[in-house]
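To start, the structure under review is shown below, and the notes come after it.
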Amino acid sequence: MIKLYGFGESRSFRCLWALEEAGLPYEYISTKLRTDAADPASAQHPGYLQLNVQGKVPTLHNDGLVLTESIAILHYIARCAPESGLLPNASMDVYARLDELTSFVLAELEQPLWSKGKHTFALPAEQRVPQMLETAKFEFKKAVTTLDHMLPESEFAVADSFTLVDILLAQTFNWAIRFQFEVPARFVTLRDRHYKRPAAQRALNVAG
């Protein structure tokens with residue numbers, strides 16, 4: 001059975017949501033961040049570090065396979081459950097579009113969010129640069145403007161159906177809202193629409 005180690009609404013939530021959409025059996029293991037390594041549930045515990053040397057989430061473990069990058073985990077879940085439609089049965093052009101949007105979210109949209117996280121709590125205090133926070137706001141606004149031109153005015157990002165890209169977008173904009181970035185109404189609506197899905201609601205209950 002798939003084991004997913006995660007924490008709340010962090011990047012691991014993408015994977016938990018995908019598991020619910022896919023209908024695959026899994027065990028969710030709530031993992032504490034920024035806690036004492038002596039705690040068996042800590043991401044800094046030696047047992048966990050054997051699976052994920054970075055001491056982060058998510059981590060997926062299944063029959064000897066260990067994955068620690070959320071996008072790789074999303075693709076793995078989608079391929080384990082092709083009937084879910086998380087990866088659509090579509091043309092090469094649609095897949096190229098899916099890959100482009102996925103790359104853009106990772107490289108451009110989420111990076112200012114993670115920059116804020118690093119420079120407010122994740123990095124050691126002596127490594128934080130408070131001035132970086134204004135730069136993060138600038139970069140996020142620029143990325144949102146670009147995405148506004150990239151995304152069609154439709155319910156779903158690609159293929160006229162719900163795919164892993166929709167999970168990625170919704171979770172990233174939820175992250176932005178939680179971190180108090182300025183999110184245009186269009187993308188707040190996107191987040192709200194997808195978070196109403198039964199699988200998303202189940203995942204929220206599991207993540208706590």
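Residue names in the structure tokens use chain letters A, B, ... in the order shown, residue numbers from 1 in each chain, and ligand numbers from 1 in the order shown.
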Within 7 Å of stretch 79-94 of chain A, which residues of stretch 101-166 of chain A show up? Give each one with its shortest atom-to-atom distance in Å (one decimal) and the two atoms involved, counting only C-alpha atoms, rows by chain then rising residue number, as a Markdown table.
```
| residue | atom | partner | partner_atom | distance |
| --- | --- | --- | --- | --- |
| A:Val158 | CA | A:Val94 | CA | 6.6 |
| A:Ala159 | CA | A:Val94 | CA | 6.4 |
| A:Phe162 | CA | A:Leu86 | CA | 6.6 |
| A:Thr163 | CA | A:Leu86 | CA | 4.0 |
| A:Leu164 | CA | A:Leu86 | CA | 4.9 |
```
Go through stretch 73-127 of chain A and flag each residue having an atom no more than 10 Å from stretch 40-61 of chain A; for those, report the closest pair of atoms plus their distance in Å to one decimal, using only C-alpha atoms, ordered by chain and rising number, as a Markdown table.
```
| residue | atom | partner | partner_atom | distance |
| --- | --- | --- | --- | --- |
| A:Ile73 | CA | A:Leu60 | CA | 6.9 |
| A:Tyr76 | CA | A:Leu60 | CA | 9.7 |
| A:Ile77 | CA | A:Leu60 | CA | 9.9 |
```
>> Env of A:Val129: 9 Å cut, atoms = only C-alpha atoms, seq-sep filter 4 positions within chain, self excluded. Answer as an MDAnalysis selection string.
In response: chainID A and resid 119:120 125 133
Export C-alpha atoms of the chosen residues as a PDB file, in the first residue's frame?
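New file out-v8.pdb:
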```
ATOM      1  CA  HIS A 119      12.825  34.098   4.950  1.00  0.00           C
ATOM      2  CA  THR A 120      10.154  34.163   7.649  1.00  0.00           C
ATOM      3  CA  ALA A 125      17.218  33.310  11.757  1.00  0.00           C
ATOM      4  CA  LEU A 133       9.780  39.769   1.174  1.00  0.00           C
TER       5      LEU A 133
END
```
>> Can you tell me which residues surround stretch 140-143 of chain A at a distance of at most 7 Å, considering only C-alpha atoms, apart from same-chain residues fewer than 4 positions away, and format the answer as a list in words?
In response: Glu108, Leu109, Pro112, Ala136 and Leu147 of chain A
Pick out each residue of chain A that DSSP on the backbone tags as alpha helix (DSSP H); I need them as a PDB file with N, CA and C atoms, in the first residue's frame.
```
ATOM      1  N   SER A  12       2.639  18.699   0.311  1.00  0.00           N
ATOM      2  CA  SER A  12       2.169  17.318   0.423  1.00  0.00           C
ATOM      3  C   SER A  12       0.674  17.212   0.213  1.00  0.00           C
ATOM      4  N   PHE A  13      -0.057  18.303   0.427  1.00  0.00           N
ATOM      5  CA  PHE A  13      -1.506  18.259   0.230  1.00  0.00           C
ATOM      6  C   PHE A  13      -1.858  17.975  -1.222  1.00  0.00           C
ATOM      7  N   ARG A  14      -1.021  18.434  -2.149  1.00  0.00           N
ATOM      8  CA  ARG A  14      -1.244  18.117  -3.566  1.00  0.00           C
ATOM      9  C   ARG A  14      -1.343  16.604  -3.771  1.00  0.00           C
ATOM     10  N   CYS A  15      -0.450  15.916  -3.126  1.00  0.00           N
ATOM     11  CA  CYS A  15      -0.351  14.463  -3.309  1.00  0.00           C
ATOM     12  C   CYS A  15      -1.505  13.745  -2.623  1.00  0.00           C
ATOM     13  N   LEU A  16      -1.848  14.209  -1.438  1.00  0.00           N
ATOM     14  CA  LEU A  16      -2.979  13.637  -0.715  1.00  0.00           C
ATOM     15  C   LEU A  16      -4.266  13.814  -1.513  1.00  0.00           C
ATOM     16  N   TRP A  17      -4.473  14.989  -2.053  1.00  0.00           N
ATOM     17  CA  TRP A  17      -5.642  15.271  -2.882  1.00  0.00           C
ATOM     18  C   TRP A  17      -5.670  14.350  -4.097  1.00  0.00           C
ATOM     19  N   ALA A  18      -4.522  14.182  -4.750  1.00  0.00           N
ATOM     20  CA  ALA A  18      -4.446  13.303  -5.918  1.00  0.00           C
ATOM     21  C   ALA A  18      -4.797  11.861  -5.552  1.00  0.00           C
ATOM     22  N   LEU A  19      -4.344  11.407  -4.397  1.00  0.00           N
ATOM     23  CA  LEU A  19      -4.688  10.046  -3.967  1.00  0.00           C
ATOM     24  C   LEU A  19      -6.194   9.891  -3.800  1.00  0.00           C
ATOM     25  N   GLU A  20      -6.833  10.909  -3.257  1.00  0.00           N
ATOM     26  CA  GLU A  20      -8.287  10.862  -3.105  1.00  0.00           C
ATOM     27  C   GLU A  20      -8.994  10.894  -4.461  1.00  0.00           C
ATOM     28  N   GLU A  21      -8.505  11.716  -5.379  1.00  0.00           N
ATOM     29  CA  GLU A  21      -9.083  11.748  -6.726  1.00  0.00           C
ATOM     30  C   GLU A  21      -8.905  10.403  -7.425  1.00  0.00           C
ATOM     31  N   ALA A  22      -7.757   9.779  -7.193  1.00  0.00           N
ATOM     32  CA  ALA A  22      -7.436   8.525  -7.873  1.00  0.00           C
ATOM     33  C   ALA A  22      -8.162   7.325  -7.276  1.00  0.00           C
ATOM     34  N   PRO A  46      15.807  10.390  12.675  1.00  0.00           N
ATOM     35  CA  PRO A  46      16.694   9.586  11.818  1.00  0.00           C
ATOM     36  C   PRO A  46      15.950   8.587  10.929  1.00  0.00           C
ATOM     37  N   GLY A  47      14.870   8.022  11.434  1.00  0.00           N
ATOM     38  CA  GLY A  47      14.107   7.068  10.625  1.00  0.00           C
ATOM     39  C   GLY A  47      13.504   7.724   9.400  1.00  0.00           C
ATOM     40  N   TYR A  48      12.995   8.933   9.571  1.00  0.00           N
ATOM     41  CA  TYR A  48      12.419   9.636   8.421  1.00  0.00           C
ATOM     42  C   TYR A  48      13.502  10.118   7.464  1.00  0.00           C
ATOM     43  N   LEU A  49      14.618  10.560   8.017  1.00  0.00           N
ATOM     44  CA  LEU A  49      15.706  11.048   7.168  1.00  0.00           C
ATOM     45  C   LEU A  49      16.274   9.959   6.270  1.00  0.00           C
ATOM     46  N   SER A  70       6.943  16.631  -5.112  1.00  0.00           N
ATOM     47  CA  SER A  70       5.485  16.559  -5.238  1.00  0.00           C
ATOM     48  C   SER A  70       5.015  16.333  -6.670  1.00  0.00           C
ATOM     49  N   ILE A  71       5.676  16.926  -7.651  1.00  0.00           N
ATOM     50  CA  ILE A  71       5.232  16.751  -9.036  1.00  0.00           C
ATOM     51  C   ILE A  71       5.482  15.322  -9.504  1.00  0.00           C
ATOM     52  N   ALA A  72       6.605  14.761  -9.138  1.00  0.00           N
ATOM     53  CA  ALA A  72       6.864  13.363  -9.478  1.00  0.00           C
ATOM     54  C   ALA A  72       5.816  12.455  -8.833  1.00  0.00           C
ATOM     55  N   ILE A  73       5.439  12.776  -7.606  1.00  0.00           N
ATOM     56  CA  ILE A  73       4.428  11.981  -6.908  1.00  0.00           C
ATOM     57  C   ILE A  73       3.074  12.120  -7.596  1.00  0.00           C
ATOM     58  N   LEU A  74       2.714  13.336  -8.005  1.00  0.00           N
ATOM     59  CA  LEU A  74       1.452  13.526  -8.731  1.00  0.00           C
ATOM     60  C   LEU A  74       1.412  12.681 -10.007  1.00  0.00           C
ATOM     61  N   HIS A  75       2.487  12.686 -10.761  1.00  0.00           N
ATOM     62  CA  HIS A  75       2.528  11.911 -11.995  1.00  0.00           C
ATOM     63  C   HIS A  75       2.473  10.410 -11.692  1.00  0.00           C
ATOM     64  N   TYR A  76       3.142   9.993 -10.644  1.00  0.00           N
ATOM     65  CA  TYR A  76       3.118   8.573 -10.280  1.00  0.00           C
ATOM     66  C   TYR A  76       1.706   8.134  -9.916  1.00  0.00           C
ATOM     67  N   ILE A  77       1.028   8.922  -9.091  1.00  0.00           N
ATOM     68  CA  ILE A  77      -0.344   8.593  -8.702  1.00  0.00           C
ATOM     69  C   ILE A  77      -1.246   8.545  -9.929  1.00  0.00           C
ATOM     70  N   ALA A  78      -1.086   9.527 -10.812  1.00  0.00           N
ATOM     71  CA  ALA A  78      -1.912   9.580 -12.020  1.00  0.00           C
ATOM     72  C   ALA A  78      -1.696   8.358 -12.902  1.00  0.00           C
ATOM     73  N   ARG A  79      -0.468   7.904 -12.998  1.00  0.00           N
ATOM     74  CA  ARG A  79      -0.175   6.736 -13.842  1.00  0.00           C
ATOM     75  C   ARG A  79      -0.630   5.438 -13.184  1.00  0.00           C
ATOM     76  N   CYS A  80      -0.682   5.438 -11.851  1.00  0.00           N
ATOM     77  CA  CYS A  80      -1.205   4.251 -11.152  1.00  0.00           C
ATOM     78  C   CYS A  80      -2.722   4.135 -11.303  1.00  0.00           C
ATOM     79  N   MET A  92      -0.725  15.031 -28.070  1.00  0.00           N
ATOM     80  CA  MET A  92       0.594  15.513 -27.673  1.00  0.00           C
ATOM     81  C   MET A  92       0.565  17.002 -27.378  1.00  0.00           C
ATOM     82  N   ASP A  93      -0.265  17.743 -28.100  1.00  0.00           N
ATOM     83  CA  ASP A  93      -0.362  19.181 -27.853  1.00  0.00           C
ATOM     84  C   ASP A  93      -0.899  19.469 -26.454  1.00  0.00           C
ATOM     85  N   VAL A  94      -1.895  18.686 -26.036  1.00  0.00           N
ATOM     86  CA  VAL A  94      -2.450  18.872 -24.692  1.00  0.00           C
ATOM     87  C   VAL A  94      -1.395  18.534 -23.640  1.00  0.00           C
ATOM     88  N   TYR A  95      -0.637  17.465 -23.873  1.00  0.00           N
ATOM     89  CA  TYR A  95       0.412  17.110 -22.923  1.00  0.00           C
ATOM     90  C   TYR A  95       1.512  18.163 -22.873  1.00  0.00           C
ATOM     91  N   ALA A  96       1.811  18.763 -24.010  1.00  0.00           N
ATOM     92  CA  ALA A  96       2.811  19.832 -24.024  1.00  0.00           C
ATOM     93  C   ALA A  96       2.315  21.007 -23.186  1.00  0.00           C
ATOM     94  N   ARG A  97       1.033  21.297 -23.298  1.00  0.00           N
ATOM     95  CA  ARG A  97       0.435  22.379 -22.512  1.00  0.00           C
ATOM     96  C   ARG A  97       0.472  22.052 -21.021  1.00  0.00           C
ATOM     97  N   LEU A  98       0.148  20.809 -20.692  1.00  0.00           N
ATOM     98  CA  LEU A  98       0.191  20.370 -19.301  1.00  0.00           C
ATOM     99  C   LEU A  98       1.599  20.526 -18.735  1.00  0.00           C
ATOM    100  N   ASP A  99       2.591  20.097 -19.510  1.00  0.00           N
ATOM    101  CA  ASP A  99       3.979  20.206 -19.049  1.00  0.00           C
ATOM    102  C   ASP A  99       4.397  21.664 -18.893  1.00  0.00           C
ATOM    103  N   GLU A 100       3.948  22.520 -19.811  1.00  0.00           N
ATOM    104  CA  GLU A 100       4.302  23.931 -19.725  1.00  0.00           C
ATOM    105  C   GLU A 100       3.744  24.567 -18.457  1.00  0.00           C
ATOM    106  N   LEU A 101       2.468  24.309 -18.180  1.00  0.00           N
ATOM    107  CA  LEU A 101       1.846  24.896 -16.990  1.00  0.00           C
ATOM    108  C   LEU A 101       2.480  24.359 -15.712  1.00  0.00           C
ATOM    109  N   THR A 102       2.753  23.069 -15.686  1.00  0.00           N
ATOM    110  CA  THR A 102       3.411  22.478 -14.519  1.00  0.00           C
ATOM    111  C   THR A 102       4.767  23.135 -14.272  1.00  0.00           C
ATOM    112  N   SER A 103       5.542  23.279 -15.332  1.00  0.00           N
ATOM    113  CA  SER A 103       6.864  23.898 -15.202  1.00  0.00           C
ATOM    114  C   SER A 103       6.750  25.346 -14.745  1.00  0.00           C
ATOM    115  N   PHE A 104       5.762  26.066 -15.270  1.00  0.00           N
ATOM    116  CA  PHE A 104       5.598  27.467 -14.898  1.00  0.00           C
ATOM    117  C   PHE A 104       5.234  27.616 -13.423  1.00  0.00           C
ATOM    118  N   GLN A 111       7.636  29.939  -6.483  1.00  0.00           N
ATOM    119  CA  GLN A 111       8.931  30.320  -5.916  1.00  0.00           C
ATOM    120  C   GLN A 111       8.862  31.538  -4.990  1.00  0.00           C
ATOM    121  N   PRO A 112       8.104  32.592  -5.322  1.00  0.00           N
ATOM    122  CA  PRO A 112       7.992  33.703  -4.365  1.00  0.00           C
ATOM    123  C   PRO A 112       7.339  33.286  -3.052  1.00  0.00           C
ATOM    124  N   LEU A 113       6.432  32.314  -3.125  1.00  0.00           N
ATOM    125  CA  LEU A 113       5.787  31.834  -1.905  1.00  0.00           C
ATOM    126  C   LEU A 113       6.796  31.122  -1.014  1.00  0.00           C
ATOM    127  N   TRP A 114       7.597  30.284  -1.616  1.00  0.00           N
ATOM    128  CA  TRP A 114       8.612  29.566  -0.848  1.00  0.00           C
ATOM    129  C   TRP A 114       9.692  30.523  -0.356  1.00  0.00           C
ATOM    130  N   SER A 115       9.990  31.557  -1.151  1.00  0.00           N
ATOM    131  CA  SER A 115      10.956  32.566  -0.689  1.00  0.00           C
ATOM    132  C   SER A 115      10.458  33.218   0.596  1.00  0.00           C
ATOM    133  N   LYS A 116       9.169  33.561   0.636  1.00  0.00           N
ATOM    134  CA  LYS A 116       8.624  34.152   1.863  1.00  0.00           C
ATOM    135  C   LYS A 116       8.706  33.159   3.012  1.00  0.00           C
ATOM    136  N   GLY A 117       8.356  31.907   2.740  1.00  0.00           N
ATOM    137  CA  GLY A 117       8.426  30.898   3.790  1.00  0.00           C
ATOM    138  C   GLY A 117       9.833  30.735   4.340  1.00  0.00           C
ATOM    139  N   MET A 132      13.890  40.512   1.318  1.00  0.00           N
ATOM    140  CA  MET A 132      13.477  39.577   0.274  1.00  0.00           C
ATOM    141  C   MET A 132      11.956  39.528   0.135  1.00  0.00           C
ATOM    142  N   LEU A 133      11.235  39.893   1.184  1.00  0.00           N
ATOM    143  CA  LEU A 133       9.780  39.769   1.174  1.00  0.00           C
ATOM    144  C   LEU A 133       9.144  40.688   0.142  1.00  0.00           C
ATOM    145  N   GLU A 134       9.669  41.889  -0.029  1.00  0.00           N
ATOM    146  CA  GLU A 134       9.149  42.796  -1.053  1.00  0.00           C
ATOM    147  C   GLU A 134       9.461  42.279  -2.449  1.00  0.00           C
ATOM    148  N   THR A 135      10.623  41.687  -2.606  1.00  0.00           N
ATOM    149  CA  THR A 135      10.979  41.081  -3.887  1.00  0.00           C
ATOM    150  C   THR A 135      10.034  39.928  -4.211  1.00  0.00           C
ATOM    151  N   ALA A 136       9.676  39.152  -3.203  1.00  0.00           N
ATOM    152  CA  ALA A 136       8.758  38.027  -3.408  1.00  0.00           C
ATOM    153  C   ALA A 136       7.402  38.518  -3.893  1.00  0.00           C
ATOM    154  N   LYS A 137       6.912  39.608  -3.316  1.00  0.00           N
ATOM    155  CA  LYS A 137       5.632  40.169  -3.763  1.00  0.00           C
ATOM    156  C   LYS A 137       5.708  40.598  -5.225  1.00  0.00           C
ATOM    157  N   PHE A 138       6.807  41.247  -5.591  1.00  0.00           N
ATOM    158  CA  PHE A 138       7.013  41.688  -6.971  1.00  0.00           C
ATOM    159  C   PHE A 138       7.028  40.496  -7.923  1.00  0.00           C
ATOM    160  N   GLU A 139       7.763  39.457  -7.558  1.00  0.00           N
ATOM    161  CA  GLU A 139       7.884  38.283  -8.424  1.00  0.00           C
ATOM    162  C   GLU A 139       6.547  37.552  -8.559  1.00  0.00           C
ATOM    163  N   PHE A 140       5.807  37.474  -7.468  1.00  0.00           N
ATOM    164  CA  PHE A 140       4.517  36.792  -7.523  1.00  0.00           C
ATOM    165  C   PHE A 140       3.549  37.546  -8.436  1.00  0.00           C
ATOM    166  N   LYS A 141       3.503  38.853  -8.308  1.00  0.00           N
ATOM    167  CA  LYS A 141       2.612  39.656  -9.153  1.00  0.00           C
ATOM    168  C   LYS A 141       2.964  39.471 -10.623  1.00  0.00           C
ATOM    169  N   LYS A 142       4.227  39.447 -10.929  1.00  0.00           N
ATOM    170  CA  LYS A 142       4.678  39.246 -12.306  1.00  0.00           C
ATOM    171  C   LYS A 142       4.253  37.868 -12.818  1.00  0.00           C
ATOM    172  N   ALA A 143       4.411  36.843 -11.987  1.00  0.00           N
ATOM    173  CA  ALA A 143       4.034  35.483 -12.389  1.00  0.00           C
ATOM    174  C   ALA A 143       2.530  35.373 -12.603  1.00  0.00           C
ATOM    175  N   VAL A 144       1.748  36.011 -11.739  1.00  0.00           N
ATOM    176  CA  VAL A 144       0.291  35.964 -11.869  1.00  0.00           C
ATOM    177  C   VAL A 144      -0.159  36.643 -13.159  1.00  0.00           C
ATOM    178  N   THR A 145       0.466  37.747 -13.490  1.00  0.00           N
ATOM    179  CA  THR A 145       0.128  38.440 -14.741  1.00  0.00           C
ATOM    180  C   THR A 145       0.400  37.561 -15.945  1.00  0.00           C
ATOM    181  N   THR A 146       1.514  36.858 -15.917  1.00  0.00           N
ATOM    182  CA  THR A 146       1.849  35.938 -17.011  1.00  0.00           C
ATOM    183  C   THR A 146       0.849  34.795 -17.076  1.00  0.00           C
ATOM    184  N   LEU A 147       0.526  34.215 -15.937  1.00  0.00           N
ATOM    185  CA  LEU A 147      -0.406  33.100 -15.909  1.00  0.00           C
ATOM    186  C   LEU A 147      -1.783  33.512 -16.411  1.00  0.00           C
ATOM    187  N   ASP A 148      -2.173  34.730 -16.139  1.00  0.00           N
ATOM    188  CA  ASP A 148      -3.463  35.221 -16.594  1.00  0.00           C
ATOM    189  C   ASP A 148      -3.565  35.156 -18.114  1.00  0.00           C
ATOM    190  N   HIS A 149      -2.441  35.314 -18.804  1.00  0.00           N
ATOM    191  CA  HIS A 149      -2.414  35.211 -20.259  1.00  0.00           C
ATOM    192  C   HIS A 149      -2.281  33.754 -20.727  1.00  0.00           C
ATOM    193  N   MET A 150      -1.719  32.919 -19.902  1.00  0.00           N
ATOM    194  CA  MET A 150      -1.489  31.528 -20.292  1.00  0.00           C
ATOM    195  C   MET A 150      -2.726  30.654 -20.138  1.00  0.00           C
ATOM    196  N   LEU A 164      -4.162  16.829 -12.988  1.00  0.00           N
ATOM    197  CA  LEU A 164      -3.215  17.149 -11.915  1.00  0.00           C
ATOM    198  C   LEU A 164      -2.788  18.613 -11.945  1.00  0.00           C
ATOM    199  N   VAL A 165      -2.866  19.264 -13.107  1.00  0.00           N
ATOM    200  CA  VAL A 165      -2.524  20.681 -13.173  1.00  0.00           C
ATOM    201  C   VAL A 165      -3.515  21.514 -12.364  1.00  0.00           C
ATOM    202  N   ASP A 166      -4.778  21.121 -12.372  1.00  0.00           N
ATOM    203  CA  ASP A 166      -5.766  21.843 -11.579  1.00  0.00           C
ATOM    204  C   ASP A 166      -5.489  21.708 -10.083  1.00  0.00           C
ATOM    205  N   ILE A 167      -5.061  20.528  -9.660  1.00  0.00           N
ATOM    206  CA  ILE A 167      -4.651  20.363  -8.262  1.00  0.00           C
ATOM    207  C   ILE A 167      -3.493  21.298  -7.948  1.00  0.00           C
ATOM    208  N   LEU A 168      -2.515  21.302  -8.825  1.00  0.00           N
ATOM    209  CA  LEU A 168      -1.307  22.101  -8.612  1.00  0.00           C
ATOM    210  C   LEU A 168      -1.647  23.590  -8.525  1.00  0.00           C
ATOM    211  N   LEU A 169      -2.472  24.073  -9.439  1.00  0.00           N
ATOM    212  CA  LEU A 169      -2.845  25.484  -9.426  1.00  0.00           C
ATOM    213  C   LEU A 169      -3.649  25.842  -8.183  1.00  0.00           C
ATOM    214  N   ALA A 170      -4.646  25.030  -7.866  1.00  0.00           N
ATOM    215  CA  ALA A 170      -5.507  25.333  -6.719  1.00  0.00           C
ATOM    216  C   ALA A 170      -4.709  25.338  -5.419  1.00  0.00           C
ATOM    217  N   GLN A 171      -3.844  24.346  -5.238  1.00  0.00           N
ATOM    218  CA  GLN A 171      -3.065  24.284  -4.004  1.00  0.00           C
ATOM    219  C   GLN A 171      -2.081  25.447  -3.913  1.00  0.00           C
ATOM    220  N   THR A 172      -1.495  25.831  -5.035  1.00  0.00           N
ATOM    221  CA  THR A 172      -0.529  26.925  -5.020  1.00  0.00           C
ATOM    222  C   THR A 172      -1.216  28.251  -4.706  1.00  0.00           C
ATOM    223  N   PHE A 173      -2.395  28.480  -5.267  1.00  0.00           N
ATOM    224  CA  PHE A 173      -3.103  29.711  -4.942  1.00  0.00           C
ATOM    225  C   PHE A 173      -3.642  29.688  -3.510  1.00  0.00           C
ATOM    226  N   ASN A 174      -3.990  28.529  -3.015  1.00  0.00           N
ATOM    227  CA  ASN A 174      -4.367  28.448  -1.603  1.00  0.00           C
ATOM    228  C   ASN A 174      -3.177  28.815  -0.713  1.00  0.00           C
ATOM    229  N   TRP A 175      -2.011  28.346  -1.094  1.00  0.00           N
ATOM    230  CA  TRP A 175      -0.767  28.688  -0.398  1.00  0.00           C
ATOM    231  C   TRP A 175      -0.564  30.206  -0.422  1.00  0.00           C
ATOM    232  N   ALA A 176      -0.765  30.825  -1.587  1.00  0.00           N
ATOM    233  CA  ALA A 176      -0.589  32.270  -1.710  1.00  0.00           C
ATOM    234  C   ALA A 176      -1.566  33.028  -0.816  1.00  0.00           C
ATOM    235  N   ILE A 177      -2.808  32.581  -0.764  1.00  0.00           N
ATOM    236  CA  ILE A 177      -3.806  33.229   0.082  1.00  0.00           C
ATOM    237  C   ILE A 177      -3.422  33.082   1.555  1.00  0.00           C
ATOM    238  N   ARG A 178      -2.995  31.879   1.957  1.00  0.00           N
ATOM    239  CA  ARG A 178      -2.583  31.657   3.336  1.00  0.00           C
ATOM    240  C   ARG A 178      -1.391  32.538   3.713  1.00  0.00           C
ATOM    241  N   ALA A 185      -9.106  38.028  -8.154  1.00  0.00           N
ATOM    242  CA  ALA A 185     -10.375  37.325  -7.929  1.00  0.00           C
ATOM    243  C   ALA A 185     -10.510  36.084  -8.799  1.00  0.00           C
ATOM    244  N   ARG A 186     -10.010  36.163 -10.030  1.00  0.00           N
ATOM    245  CA  ARG A 186     -10.110  35.008 -10.929  1.00  0.00           C
ATOM    246  C   ARG A 186      -9.485  33.768 -10.316  1.00  0.00           C
ATOM    247  N   PHE A 187      -8.361  33.942  -9.659  1.00  0.00           N
ATOM    248  CA  PHE A 187      -7.634  32.791  -9.136  1.00  0.00           C
ATOM    249  C   PHE A 187      -8.126  32.387  -7.743  1.00  0.00           C
ATOM    250  N   VAL A 188      -8.719  33.322  -7.022  1.00  0.00           N
ATOM    251  CA  VAL A 188      -9.408  32.942  -5.787  1.00  0.00           C
ATOM    252  C   VAL A 188     -10.609  32.059  -6.148  1.00  0.00           C
ATOM    253  N   THR A 189     -11.319  32.429  -7.194  1.00  0.00           N
ATOM    254  CA  THR A 189     -12.458  31.631  -7.662  1.00  0.00           C
ATOM    255  C   THR A 189     -12.008  30.254  -8.110  1.00  0.00           C
ATOM    256  N   LEU A 190     -10.875  30.190  -8.798  1.00  0.00           N
ATOM    257  CA  LEU A 190     -10.313  28.898  -9.220  1.00  0.00           C
ATOM    258  C   LEU A 190     -10.054  28.022  -8.003  1.00  0.00           C
ATOM    259  N   ARG A 191      -9.388  28.599  -7.007  1.00  0.00           N
ATOM    260  CA  ARG A 191      -9.107  27.837  -5.779  1.00  0.00           C
ATOM    261  C   ARG A 191     -10.398  27.349  -5.138  1.00  0.00           C
ATOM    262  N   ASP A 192     -11.360  28.243  -4.987  1.00  0.00           N
ATOM    263  CA  ASP A 192     -12.611  27.887  -4.323  1.00  0.00           C
ATOM    264  C   ASP A 192     -13.354  26.786  -5.079  1.00  0.00           C
ATOM    265  N   ARG A 193     -13.382  26.907  -6.397  1.00  0.00           N
ATOM    266  CA  ARG A 193     -14.108  25.923  -7.217  1.00  0.00           C
ATOM    267  C   ARG A 193     -13.524  24.526  -7.060  1.00  0.00           C
ATOM    268  N   HIS A 194     -12.230  24.414  -7.161  1.00  0.00           N
ATOM    269  CA  HIS A 194     -11.606  23.091  -7.088  1.00  0.00           C
ATOM    270  C   HIS A 194     -11.584  22.540  -5.665  1.00  0.00           C
ATOM    271  N   TYR A 195     -11.471  23.415  -4.676  1.00  0.00           N
ATOM    272  CA  TYR A 195     -11.468  22.939  -3.291  1.00  0.00           C
ATOM    273  C   TYR A 195     -12.835  22.426  -2.842  1.00  0.00           C
ATOM    274  N   PRO A 198     -15.325  16.828  -3.922  1.00  0.00           N
ATOM    275  CA  PRO A 198     -15.380  15.872  -2.805  1.00  0.00           C
ATOM    276  C   PRO A 198     -14.007  15.328  -2.413  1.00  0.00           C
ATOM    277  N   ALA A 199     -13.164  15.051  -3.398  1.00  0.00           N
ATOM    278  CA  ALA A 199     -11.836  14.515  -3.081  1.00  0.00           C
ATOM    279  C   ALA A 199     -10.999  15.525  -2.313  1.00  0.00           C
ATOM    280  N   ALA A 200     -11.108  16.800  -2.675  1.00  0.00           N
ATOM    281  CA  ALA A 200     -10.372  17.839  -1.952  1.00  0.00           C
ATOM    282  C   ALA A 200     -10.864  17.948  -0.521  1.00  0.00           C
ATOM    283  N   GLN A 201     -12.164  17.870  -0.331  1.00  0.00           N
ATOM    284  CA  GLN A 201     -12.727  17.956   1.017  1.00  0.00           C
ATOM    285  C   GLN A 201     -12.296  16.763   1.873  1.00  0.00           C
ATOM    286  N   ARG A 202     -12.276  15.576   1.263  1.00  0.00           N
ATOM    287  CA  ARG A 202     -11.800  14.405   2.009  1.00  0.00           C
ATOM    288  C   ARG A 202     -10.334  14.570   2.394  1.00  0.00           C
ATOM    289  N   ALA A 203      -9.547  15.077   1.464  1.00  0.00           N
ATOM    290  CA  ALA A 203      -8.107  15.277   1.733  1.00  0.00           C
ATOM    291  C   ALA A 203      -7.908  16.289   2.853  1.00  0.00           C
ATOM    292  N   LEU A 204      -8.700  17.339   2.862  1.00  0.00           N
ATOM    293  CA  LEU A 204      -8.610  18.332   3.938  1.00  0.00           C
ATOM    294  C   LEU A 204      -8.915  17.697   5.295  1.00  0.00           C
ATOM    295  N   ASN A 205      -9.889  16.819   5.318  1.00  0.00           N
ATOM    296  CA  ASN A 205     -10.227  16.128   6.579  1.00  0.00           C
ATOM    297  C   ASN A 205      -9.084  15.238   7.034  1.00  0.00           C
ATOM    298  N   VAL A 206      -8.438  14.571   6.097  1.00  0.00           N
ATOM    299  CA  VAL A 206      -7.326  13.693   6.446  1.00  0.00           C
ATOM    300  C   VAL A 206      -6.132  14.516   6.929  1.00  0.00           C
ATOM    301  N   ALA A 207      -5.831  15.600   6.221  1.00  0.00           N
ATOM    302  CA  ALA A 207      -4.662  16.416   6.561  1.00  0.00           C
ATOM    303  C   ALA A 207      -4.834  17.146   7.879  1.00  0.00           C
TER     304      ALA A 207
END
```
>> What parts of stretch 1-118 of chain A does DSSP call strand (DSSP E or B)? I'd like the answer as a PyMOL selection string.
In response: chain A and resi 2-6+26-30+32+42+59-62+65-67
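If only C-alpha atoms are the atoms counted, then among A:Gly6, A:Leu65, A:Ser161, A:Phe179 the closest residue to A:Phe121 is A:Phe179.
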> Which residue gives the smallest distance to A:Asp63 among A:Leu123, A:Met1, A:Lys118, A:Asp39, with only C-alpha atoms counted?
Replying inline: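 Checking each candidate against A:Asp63, we get A:Met1 as the closest.
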